[in-house]
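Engineer: Got a structure for you, data-v8.tsv, holding TSV, C-alpha atoms.
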chain	number	residue	atom	x	y	z
A	1	MET	CA	0.82	1.94	48.58
A	2	ASN	CA	2.06	5.20	50.06
A	3	ARG	CA	3.04	8.21	48.00
A	4	ILE	CA	6.78	7.62	48.00
A	5	LYS	CA	6.36	4.00	46.94
A	6	LYS	CA	4.04	5.11	44.13
A	7	ALA	CA	6.55	7.69	42.92
A	8	VAL	CA	9.43	5.19	43.05
A	9	PHE	CA	7.37	2.61	41.16
A	10	GLY	CA	6.43	5.30	38.61
A	11	VAL	CA	10.09	6.15	38.02
A	12	LEU	CA	10.87	2.45	37.63
A	13	VAL	CA	8.05	1.96	35.10
A	14	ALA	CA	9.10	5.08	33.16
A	15	GLY	CA	12.76	4.00	33.08
A	16	LEU	CA	11.89	0.50	31.94
A	17	ALA	CA	9.58	1.74	29.18
A	18	PHE	CA	12.18	4.25	27.94
A	19	GLY	CA	14.96	1.68	28.16
A	20	PHE	CA	12.94	-0.99	26.38
A	21	SER	CA	12.16	1.44	23.57
A	22	ALA	CA	15.83	2.42	23.25
A	23	PHE	CA	16.81	-1.25	23.28
A	24	THR	CA	14.35	-2.22	20.52
A	25	THR	CA	15.26	0.81	18.40
A	26	VAL	CA	19.04	0.32	18.66
A	27	LYS	CA	18.81	-3.41	18.12
A	28	ARG	CA	17.36	-2.83	14.65
A	29	GLN	CA	20.51	-1.18	13.29
A	30	SER	CA	21.23	-3.87	10.71
A	31	ILE	CA	17.61	-3.93	9.56
A	32	LEU	CA	16.95	-0.92	7.38
A	33	THR	CA	14.18	0.37	5.19
A	34	TYR	CA	15.04	0.50	1.51
A	35	TYR	CA	12.88	2.11	-1.17
A	36	LYS	CA	12.04	0.43	-4.45
A	37	THR	CA	13.12	3.26	-6.72
A	38	ASP	CA	13.32	1.23	-9.91
A	39	MET	CA	10.17	-0.69	-10.68
A	40	THR	CA	11.89	-2.58	-13.52
A	41	PHE	CA	12.47	-5.14	-10.80
A	42	ILE	CA	8.93	-5.56	-9.55
A	43	ASN	CA	9.46	-8.37	-7.06
A	44	ALA	CA	9.73	-7.09	-3.51
A	45	ASN	CA	12.27	-9.74	-2.54
A	46	ASP	CA	14.53	-8.91	-5.50
A	47	PRO	CA	17.37	-6.76	-4.06
A	48	ARG	CA	17.80	-4.92	-7.35
A	49	GLY	CA	16.09	-1.54	-7.69
A	50	TYR	CA	16.27	-0.62	-4.00
A	51	LYS	CA	17.91	2.51	-2.58
A	52	TYR	CA	18.40	3.70	0.97
A	53	TYR	CA	16.93	6.97	2.27
A	54	SER	CA	16.67	7.82	5.96
A	55	ASP	CA	13.50	9.87	5.61
A	56	ASP	CA	10.04	8.75	4.57
A	57	ARG	CA	9.81	8.83	0.77
A	58	CYS	CA	6.55	6.95	0.30
A	59	GLU	CA	3.41	8.38	-1.21
A	60	SER	CA	0.03	6.69	-1.46
A	61	GLU	CA	-1.09	4.69	-4.51
A	62	GLY	CA	0.90	1.67	-5.59
A	63	ASN	CA	1.68	-1.64	-3.99
A	64	LEU	CA	5.43	-1.50	-3.36
A	65	CYS	CA	7.19	1.52	-1.92
A	66	SER	CA	9.62	0.13	0.61
A	67	ALA	CA	10.66	-2.99	2.45
A	68	ASN	CA	12.99	-3.81	5.30
A	69	TRP	CA	16.25	-5.61	4.60
A	70	ASN	CA	18.77	-7.06	6.98
A	71	ILE	CA	22.09	-5.85	5.58
A	72	GLY	CA	24.08	-8.13	7.88
A	73	THR	CA	27.74	-7.09	7.97
A	74	ASN	CA	27.48	-4.66	5.03
A	75	PRO	CA	28.46	-1.08	5.96
A	76	THR	CA	25.78	1.37	7.04
A	77	PRO	CA	24.48	3.03	3.86
A	78	SER	CA	24.47	6.73	3.03
A	79	GLU	CA	21.59	8.58	1.41
A	80	GLY	CA	20.78	7.17	-2.04
A	81	ASP	CA	23.01	4.08	-1.77
A	82	ALA	CA	21.77	1.01	-3.58
A	83	LEU	CA	21.00	-2.13	-1.59
A	84	PRO	CA	24.07	-4.42	-1.68
A	85	ALA	CA	23.59	-7.45	-3.88
A	86	LEU	CA	25.23	-9.86	-1.45
A	87	GLY	CA	24.85	-10.53	2.26
A	88	VAL	CA	21.36	-9.06	2.52
A	89	THR	CA	18.15	-10.75	3.66
A	90	PHE	CA	14.64	-9.67	2.81
A	91	ILE	CA	12.43	-9.27	5.90
A	92	ALA	CA	9.01	-10.72	5.18
A	93	ASN	CA	5.82	-8.76	5.96
A	94	THR	CA	7.57	-5.37	6.01
A	95	ILE	CA	6.47	-4.12	2.61
A	96	THR	CA	4.98	-0.63	2.66
A	97	ASP	CA	2.27	0.11	0.14
A	98	GLY	CA	2.45	3.19	-2.03
A	99	HIS	CA	5.20	4.32	-4.37
A	100	PHE	CA	8.59	5.99	-4.08
A	101	GLU	CA	8.65	9.72	-4.74
B	1	MET	CA	-40.61	-0.79	39.21
B	2	GLU	CA	-40.48	2.99	39.18
B	3	ASN	CA	-39.04	2.95	42.69
B	4	THR	CA	-36.31	0.57	41.57
B	5	LEU	CA	-35.37	2.81	38.65
B	6	ASN	CA	-35.29	5.99	40.72
B	7	LYS	CA	-33.34	4.42	43.53
B	8	PRO	CA	-29.76	5.69	43.64
B	9	SER	CA	-27.23	3.03	42.77
B	10	ASN	CA	-25.67	1.23	45.72
B	11	PHE	CA	-22.69	0.32	43.56
B	12	ARG	CA	-19.85	2.40	44.91
B	13	LEU	CA	-16.24	1.39	44.75
B	14	ASN	CA	-14.29	1.65	47.94
B	15	THR	CA	-11.30	3.99	48.20
B	16	LYS	CA	-8.77	1.21	47.70
B	17	SER	CA	-10.38	0.05	44.43
B	18	ARG	CA	-10.64	3.60	43.14
B	19	GLU	CA	-6.98	4.21	43.92
B	20	MET	CA	-6.07	0.98	42.16
B	21	ILE	CA	-7.96	2.00	39.00
B	22	MET	CA	-6.14	5.35	38.96
B	23	ASP	CA	-2.78	3.62	39.60
B	24	ILE	CA	-3.29	1.24	36.67
B	25	ALA	CA	-4.30	4.10	34.37
B	26	VAL	CA	-1.30	6.18	35.47
B	27	TYR	CA	1.23	3.37	34.92
B	28	LEU	CA	-0.22	2.46	31.52
B	29	PHE	CA	0.06	6.09	30.40
B	30	ILE	CA	3.63	6.31	31.70
B	31	ILE	CA	4.56	3.16	29.76
B	32	LEU	CA	2.87	4.44	26.59
B	33	PHE	CA	4.34	7.95	26.70
B	34	MET	CA	7.87	6.96	27.72
B	35	TYR	CA	8.01	4.17	25.14
B	36	THR	CA	6.70	6.27	22.26
B	37	ALA	CA	8.74	9.35	23.29
B	38	ALA	CA	11.95	7.31	23.29
B	39	SER	CA	11.19	5.71	19.92
B	40	LYS	CA	10.45	9.15	18.42
B	41	LEU	CA	13.63	10.67	19.86
B	42	PHE	CA	15.78	7.81	18.59
B	43	THR	CA	14.37	8.19	15.05
B	44	ILE	CA	13.79	11.95	15.16
B	45	LYS	CA	14.91	12.56	11.56
B	46	SER	CA	12.53	10.00	10.14
B	47	PHE	CA	9.73	11.20	12.42
B	48	ALA	CA	10.25	14.83	11.36
B	49	SER	CA	10.27	13.96	7.67
B	50	THR	CA	6.99	12.07	8.07
B	51	LEU	CA	5.44	15.07	9.81
B	52	ALA	CA	6.68	17.38	7.03
B	53	LYS	CA	4.25	15.64	4.69
B	54	SER	CA	1.27	16.51	6.85
B	55	PRO	CA	-0.70	19.47	5.46
B	56	LEU	CA	-1.43	20.65	9.02
B	57	ILE	CA	2.20	20.63	10.17
B	58	GLY	CA	4.35	21.21	7.08
B	59	SER	CA	7.31	23.50	7.81
B	60	LEU	CA	6.75	23.28	11.57
B	61	ASN	CA	7.82	19.65	11.39
B	62	MET	CA	11.06	19.97	13.37
B	63	PHE	CA	9.38	21.95	16.15
B	64	VAL	CA	6.51	19.44	16.38
B	65	ALA	CA	8.88	16.45	16.12
B	66	TRP	CA	10.78	17.61	19.21
B	67	SER	CA	7.75	18.98	21.06
B	68	ILE	CA	5.65	15.80	21.01
B	69	PRO	CA	8.18	13.49	22.73
B	70	LEU	CA	9.20	16.23	25.19
B	71	VAL	CA	5.56	16.86	26.13
B	72	GLU	CA	5.03	13.10	26.52
B	73	ILE	CA	8.03	12.88	28.87
B	74	ALA	CA	6.85	15.94	30.81
B	75	ILE	CA	3.37	14.43	31.28
B	76	SER	CA	4.92	11.14	32.40
B	77	LEU	CA	6.99	12.99	35.00
B	78	VAL	CA	3.89	14.81	36.27
B	79	LEU	CA	2.04	11.46	36.45
B	80	ILE	CA	4.85	10.02	38.55
B	81	ILE	CA	4.33	12.62	41.30
B	82	PRO	CA	1.29	11.37	43.28
B	83	LYS	CA	0.23	14.90	44.28
B	84	TYR	CA	-0.11	16.03	40.65
B	85	ARG	CA	-1.26	12.88	38.92
B	86	LYS	CA	-4.82	14.12	38.42
B	87	THR	CA	-3.37	17.12	36.57
B	88	GLY	CA	-1.12	14.76	34.64
B	89	MET	CA	-4.07	12.55	33.75
B	90	ARG	CA	-6.02	15.56	32.46
B	91	ALA	CA	-2.99	16.55	30.34
B	92	ALA	CA	-2.70	12.97	29.05
B	93	LEU	CA	-6.40	12.99	28.17
B	94	LEU	CA	-5.97	16.30	26.32
B	95	LEU	CA	-2.93	15.04	24.39
B	96	MET	CA	-4.64	11.78	23.39
B	97	THR	CA	-7.73	13.75	22.30
B	98	ILE	CA	-5.56	16.07	20.16
B	99	PHE	CA	-3.84	13.04	18.57
B	100	THR	CA	-7.19	11.41	17.85
B	101	VAL	CA	-8.72	14.56	16.35
B	102	TYR	CA	-5.59	14.98	14.19
B	103	LEU	CA	-5.73	11.35	13.01
B	104	SER	CA	-9.45	11.62	12.26
B	105	TYR	CA	-8.92	14.87	10.33
B	106	MET	CA	-6.11	13.27	8.30
B	107	ILE	CA	-8.20	10.23	7.44
B	108	LEU	CA	-11.27	12.26	6.52
B	109	SER	CA	-9.51	15.03	4.59
B	110	SER	CA	-6.22	13.84	3.19
B	111	SER	CA	-5.84	11.79	0.05
B	112	LYS	CA	-2.11	11.37	0.67
B	113	LEU	CA	-1.55	9.91	4.11
B	114	PRO	CA	2.06	9.75	5.30
B	115	CYS	CA	2.98	6.09	5.52
B	116	HIS	CA	4.21	5.71	9.10
B	117	CYS	CA	5.10	7.51	12.34
B	118	GLY	CA	7.70	5.59	14.39
B	119	GLY	CA	7.95	2.94	17.10
B	120	VAL	CA	6.37	-0.50	17.32
B	121	ILE	CA	2.95	1.16	17.46
B	122	SER	CA	3.58	2.45	13.94
B	123	LYS	CA	2.81	-1.04	12.66
B	124	MET	CA	-0.84	-0.14	13.17
B	125	SER	CA	-2.91	1.40	10.41
B	126	TRP	CA	-4.28	4.90	10.94
B	127	GLN	CA	-7.73	3.45	11.69
B	128	GLN	CA	-6.28	1.05	14.25
B	129	HIS	CA	-4.41	4.00	15.76
B	130	ILE	CA	-7.71	5.80	16.31
B	131	TRP	CA	-9.22	2.80	18.13
B	132	PHE	CA	-6.03	2.47	20.20
B	133	ASN	CA	-6.23	6.16	21.14
B	134	ILE	CA	-9.92	5.91	22.00
B	135	GLY	CA	-9.03	3.05	24.35
B	136	PHE	CA	-6.53	5.30	26.15
B	137	ILE	CA	-9.01	8.20	26.22
B	138	LEU	CA	-11.51	5.90	27.94
B	139	LEU	CA	-8.76	4.76	30.31
B	140	ALA	CA	-8.00	8.38	31.26
B	141	LEU	CA	-11.69	9.15	31.75
B	142	THR	CA	-12.10	6.04	33.93
B	143	GLY	CA	-9.07	7.06	36.00
B	144	LEU	CA	-10.37	10.60	36.49
B	145	GLN	CA	-13.91	9.37	37.22
B	146	SER	CA	-12.57	7.03	39.89
B	147	GLN	CA	-11.11	10.04	41.74
B	148	LYS	CA	-14.42	11.88	41.99
B	149	LYS	CA	-15.60	12.11	45.59
Could you write out this structure as C-alpha cells?

Structural biologist:
Amino acid sequence: MNRIKKAVFGVLVAGLAFGFSAFTTVKRQSILTYYKTDMTFINANDPRGYKYYSDDRCESEGNLCSANWNIGTNPTPSEGDALPALGVTFIANTITDGHFE
Amino acid sequence: MENTLNKPSNFRLNTKSREMIMDIAVYLFIILFMYTAASKLFTIKSFASTLAKSPLIGSLNMFVAWSIPLVEIAISLVLIIPKYRKTGMRAALLLMTIFTVYLSYMILSSSKLPCHCGGVISKMSWQQHIWFNIGFILLALTGLQSQKK
C-alpha cells in the first residue's frame, strides 16, 4: 500500500470510528440513567424513588445507585426530575453499584 | 547445544510483514482513539463530573475533560500521516501508559472510585480497563519494534 492509500484509509477508519461513536451515543437519547435517591423503594425495577441527574452522583458502598430506564415518549427530564410512573421500561443489567450522594 | 543457543536467530520478518504489523497497530489505535474521543465529547458534562471526583484531577476536571479527547484526536491525525506514524505511535504508547498508571494509582490508593467514564468501553471494570490498556501498550510496542531496522 503506498503512502497516499494508507493516509486515505486512515482517514476513512477515523471517520467511521468517530461516526459510529456519535451514532451509538445519540441513539441512546431515550435511555437515561436515573439515580435511586429514595431507598424506601428498594427494588431496582420499581420506578418509584428514582431521580434524573446528568452528572455522576454515585459513590462506592451499597448495591443500588443508578439504573438505566427507557423513558419512551416521555419528555427529556431536567435535573432532579423524578422518573415518570408510566411509559418507562427498566433496562436489565444496567444497575450501578454504590449509593446516591 | 551451546552453539545452538549462541547462534543469532534466523527469524526475521520481511519488510512487507513488518509494515503490515505497523499498519494493523496504527488502524486499531485510530479506531480506539476516535471512538473514545467522540464518546467523551458527546457526553462531556458527565465525563467532566466523573473526573471531578478523582483526587488527582479535582478542580482541573473541565480542562482534563476537553484535553483528553482533543489529544486522542490529535494523535489519531498524526497516525494517519504515514511519515509521522512512528511519532504518533510513540505518543499513543505514552498516553496509554499514562492512563494505565493513573488507573493503577486509583485502584491502589482510592477507597472511593468514580463509577464510570463514558463510552461502550466504560462497561468494563477498572481492573478490566487496565488489562485492556496493557493489551494496547503491547500492541504499540509490537508496532514500534516491527519498524526497527

Engineer: Using only C-alpha atoms, determine which residues of chain A fall within 10 Å of chain B; present them as a PyMOL selection string.

Structural biologist: chain A and resi 1-26+53-61+65+94+96-98

Engineer: Neighbours of Asn74 of chain A within 10 Å (only C-alpha atoms; same-chain residues fewer than 3 positions away dropped), as JSON, numbers by chain?

Structural biologist: {"A": [30, 70, 71, 77, 83, 84, 86, 87, 88]}

Engineer: Take atom CA of His99 of chain A and atom CA of Tyr34 of chain A and report the distance between them in Å, one decimal.

Structural biologist: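 Interatomic distance here is 12.1 Å.
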
Engineer: Which residues are close to segment 36-40 of chain A, i.e. within 6 Å by only C-alpha atoms, leaving aside same-chain residues fewer than 4 positions away? Reply as a CSV table (one decimal) with C-alpha atoms, in the coordinates of the input.

Structural biologist:
chain,number,residue,atom,x,y,z
A,49,GLY,CA,16.1,-1.5,-7.7
A,50,TYR,CA,16.3,-0.6,-4.0
A,65,CYS,CA,7.2,1.5,-1.9
A,66,SER,CA,9.6,0.1,0.6
A,100,PHE,CA,8.6,6.0,-4.1

Engineer: Identify, on the basis of only C-alpha atoms, every residue whose closest approach to Phe90 of chain A does not exceed 7 Å; exclude the query and any residue fewer than 6 positions from it along the same chain; express the result as an NGL selection string.

Structural biologist: :A and (45 or 68-70)

Engineer: Could you tell me which of A:Tyr52, A:Ile95, A:Thr89, A:Asn43 comes closest to Thr73 of chain A if we count all atoms listed in the file?

Structural biologist: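 Selected residue with least distance to Thr73 of chain A: A:Thr89.
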
Engineer: Please write segment 60-85 of chain B of the preceding block to a file containing N, CA, C and O atoms, as an mmCIF file, in the first residue's frame?

Structural biologist:
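File produced: part_6.cif:
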data_model
loop_
_atom_site.group_PDB
_atom_site.id
_atom_site.type_symbol
_atom_site.label_atom_id
_atom_site.label_comp_id
_atom_site.auth_asym_id
_atom_site.auth_seq_id
_atom_site.Cartn_x
_atom_site.Cartn_y
_atom_site.Cartn_z
ATOM 1 N N LEU B 60 -9.430 20.588 38.169
ATOM 2 C CA LEU B 60 -8.959 20.684 36.782
ATOM 3 C C LEU B 60 -9.831 19.860 35.839
ATOM 4 O O LEU B 60 -9.482 19.643 34.677
ATOM 5 N N ASN B 61 -10.961 19.399 36.354
ATOM 6 C CA ASN B 61 -11.771 18.432 35.604
ATOM 7 C C ASN B 61 -12.186 18.895 34.208
ATOM 8 O O ASN B 61 -12.116 18.137 33.251
ATOM 9 N N MET B 62 -12.588 20.184 34.086
ATOM 10 C CA MET B 62 -13.039 20.645 32.766
ATOM 11 C C MET B 62 -11.880 20.679 31.771
ATOM 12 O O MET B 62 -12.032 20.278 30.612
ATOM 13 N N PHE B 63 -10.730 21.150 32.243
ATOM 14 C CA PHE B 63 -9.542 21.197 31.386
ATOM 15 C C PHE B 63 -9.160 19.786 30.921
ATOM 16 O O PHE B 63 -8.942 19.550 29.727
ATOM 17 N N VAL B 64 -9.136 18.846 31.860
ATOM 18 C CA VAL B 64 -8.752 17.464 31.525
ATOM 19 C C VAL B 64 -9.807 16.818 30.627
ATOM 20 O O VAL B 64 -9.478 16.102 29.677
ATOM 21 N N ALA B 65 -11.089 17.114 30.926
ATOM 22 C CA ALA B 65 -12.182 16.515 30.140
ATOM 23 C C ALA B 65 -12.106 16.914 28.672
ATOM 24 O O ALA B 65 -12.406 16.110 27.787
ATOM 25 N N TRP B 66 -11.689 18.144 28.393
ATOM 26 C CA TRP B 66 -11.548 18.581 26.995
ATOM 27 C C TRP B 66 -10.200 18.134 26.425
ATOM 28 O O TRP B 66 -10.118 17.785 25.246
ATOM 29 N N SER B 67 -9.160 18.167 27.261
ATOM 30 C CA SER B 67 -7.816 17.834 26.769
ATOM 31 C C SER B 67 -7.710 16.389 26.280
ATOM 32 O O SER B 67 -7.127 16.136 25.223
ATOM 33 N N ILE B 68 -8.257 15.450 27.058
ATOM 34 C CA ILE B 68 -8.076 14.033 26.709
ATOM 35 C C ILE B 68 -8.632 13.720 25.311
ATOM 36 O O ILE B 68 -7.893 13.215 24.462
ATOM 37 N N PRO B 69 -9.911 14.039 25.021
ATOM 38 C CA PRO B 69 -10.380 13.713 23.664
ATOM 39 C C PRO B 69 -9.646 14.474 22.565
ATOM 40 O O PRO B 69 -9.408 13.924 21.485
ATOM 41 N N LEU B 70 -9.248 15.743 22.853
ATOM 42 C CA LEU B 70 -8.534 16.510 21.822
ATOM 43 C C LEU B 70 -7.148 15.912 21.551
ATOM 44 O O LEU B 70 -6.712 15.846 20.395
ATOM 45 N N VAL B 71 -6.483 15.460 22.612
ATOM 46 C CA VAL B 71 -5.176 14.808 22.430
ATOM 47 C C VAL B 71 -5.359 13.495 21.653
ATOM 48 O O VAL B 71 -4.570 13.172 20.761
ATOM 49 N N GLU B 72 -6.410 12.752 21.978
ATOM 50 C CA GLU B 72 -6.672 11.492 21.269
ATOM 51 C C GLU B 72 -6.896 11.742 19.770
ATOM 52 O O GLU B 72 -6.386 11.000 18.928
ATOM 53 N N ILE B 73 -7.650 12.791 19.463
ATOM 54 C CA ILE B 73 -7.900 13.122 18.048
ATOM 55 C C ILE B 73 -6.593 13.561 17.383
ATOM 56 O O ILE B 73 -6.286 13.143 16.257
ATOM 57 N N ALA B 74 -5.808 14.370 18.093
ATOM 58 C CA ALA B 74 -4.528 14.843 17.534
ATOM 59 C C ALA B 74 -3.602 13.649 17.236
ATOM 60 O O ALA B 74 -2.986 13.586 16.156
ATOM 61 N N ILE B 75 -3.523 12.714 18.161
ATOM 62 C CA ILE B 75 -2.662 11.538 17.940
ATOM 63 C C ILE B 75 -3.173 10.723 16.743
ATOM 64 O O ILE B 75 -2.392 10.257 15.917
ATOM 65 N N SER B 76 -4.491 10.585 16.655
ATOM 66 C CA SER B 76 -5.065 9.851 15.514
ATOM 67 C C SER B 76 -4.680 10.513 14.197
ATOM 68 O O SER B 76 -4.337 9.834 13.228
ATOM 69 N N LEU B 77 -4.733 11.843 14.169
ATOM 70 C CA LEU B 77 -4.391 12.566 12.940
ATOM 71 C C LEU B 77 -2.910 12.369 12.592
ATOM 72 O O LEU B 77 -2.557 12.206 11.421
ATOM 73 N N VAL B 78 -2.060 12.368 13.618
ATOM 74 C CA VAL B 78 -0.628 12.135 13.377
ATOM 75 C C VAL B 78 -0.422 10.704 12.851
ATOM 76 O O VAL B 78 0.377 10.474 11.937
ATOM 77 N N LEU B 79 -1.174 9.761 13.422
ATOM 78 C CA LEU B 79 -1.048 8.355 12.983
ATOM 79 C C LEU B 79 -1.487 8.170 11.532
ATOM 80 O O LEU B 79 -0.992 7.273 10.832
ATOM 81 N N ILE B 80 -2.410 9.014 11.094
ATOM 82 C CA ILE B 80 -2.910 8.898 9.717
ATOM 83 C C ILE B 80 -1.808 9.247 8.701
ATOM 84 O O ILE B 80 -1.732 8.639 7.631
ATOM 85 N N ILE B 81 -0.954 10.215 9.064
ATOM 86 C CA ILE B 81 0.095 10.648 8.126
ATOM 87 C C ILE B 81 1.247 9.645 8.159
ATOM 88 O O ILE B 81 1.947 9.539 9.176
ATOM 89 N N PRO B 82 1.445 8.881 7.070
ATOM 90 C CA PRO B 82 2.459 7.810 7.089
ATOM 91 C C PRO B 82 3.851 8.267 7.535
ATOM 92 O O PRO B 82 4.532 7.553 8.254
ATOM 93 N N LYS B 83 4.242 9.479 7.171
ATOM 94 C CA LYS B 83 5.575 9.976 7.507
ATOM 95 C C LYS B 83 5.778 10.103 9.032
ATOM 96 O O LYS B 83 6.886 9.954 9.541
ATOM 97 N N TYR B 84 4.701 10.409 9.746
ATOM 98 C CA TYR B 84 4.824 10.680 11.181
ATOM 99 C C TYR B 84 4.224 9.587 12.067
ATOM 100 O O TYR B 84 4.032 9.803 13.255
ATOM 101 N N ARG B 85 3.907 8.441 11.486
ATOM 102 C CA ARG B 85 3.168 7.478 12.305
ATOM 103 C C ARG B 85 4.000 6.844 13.418
ATOM 104 O O ARG B 85 3.447 6.429 14.436
#
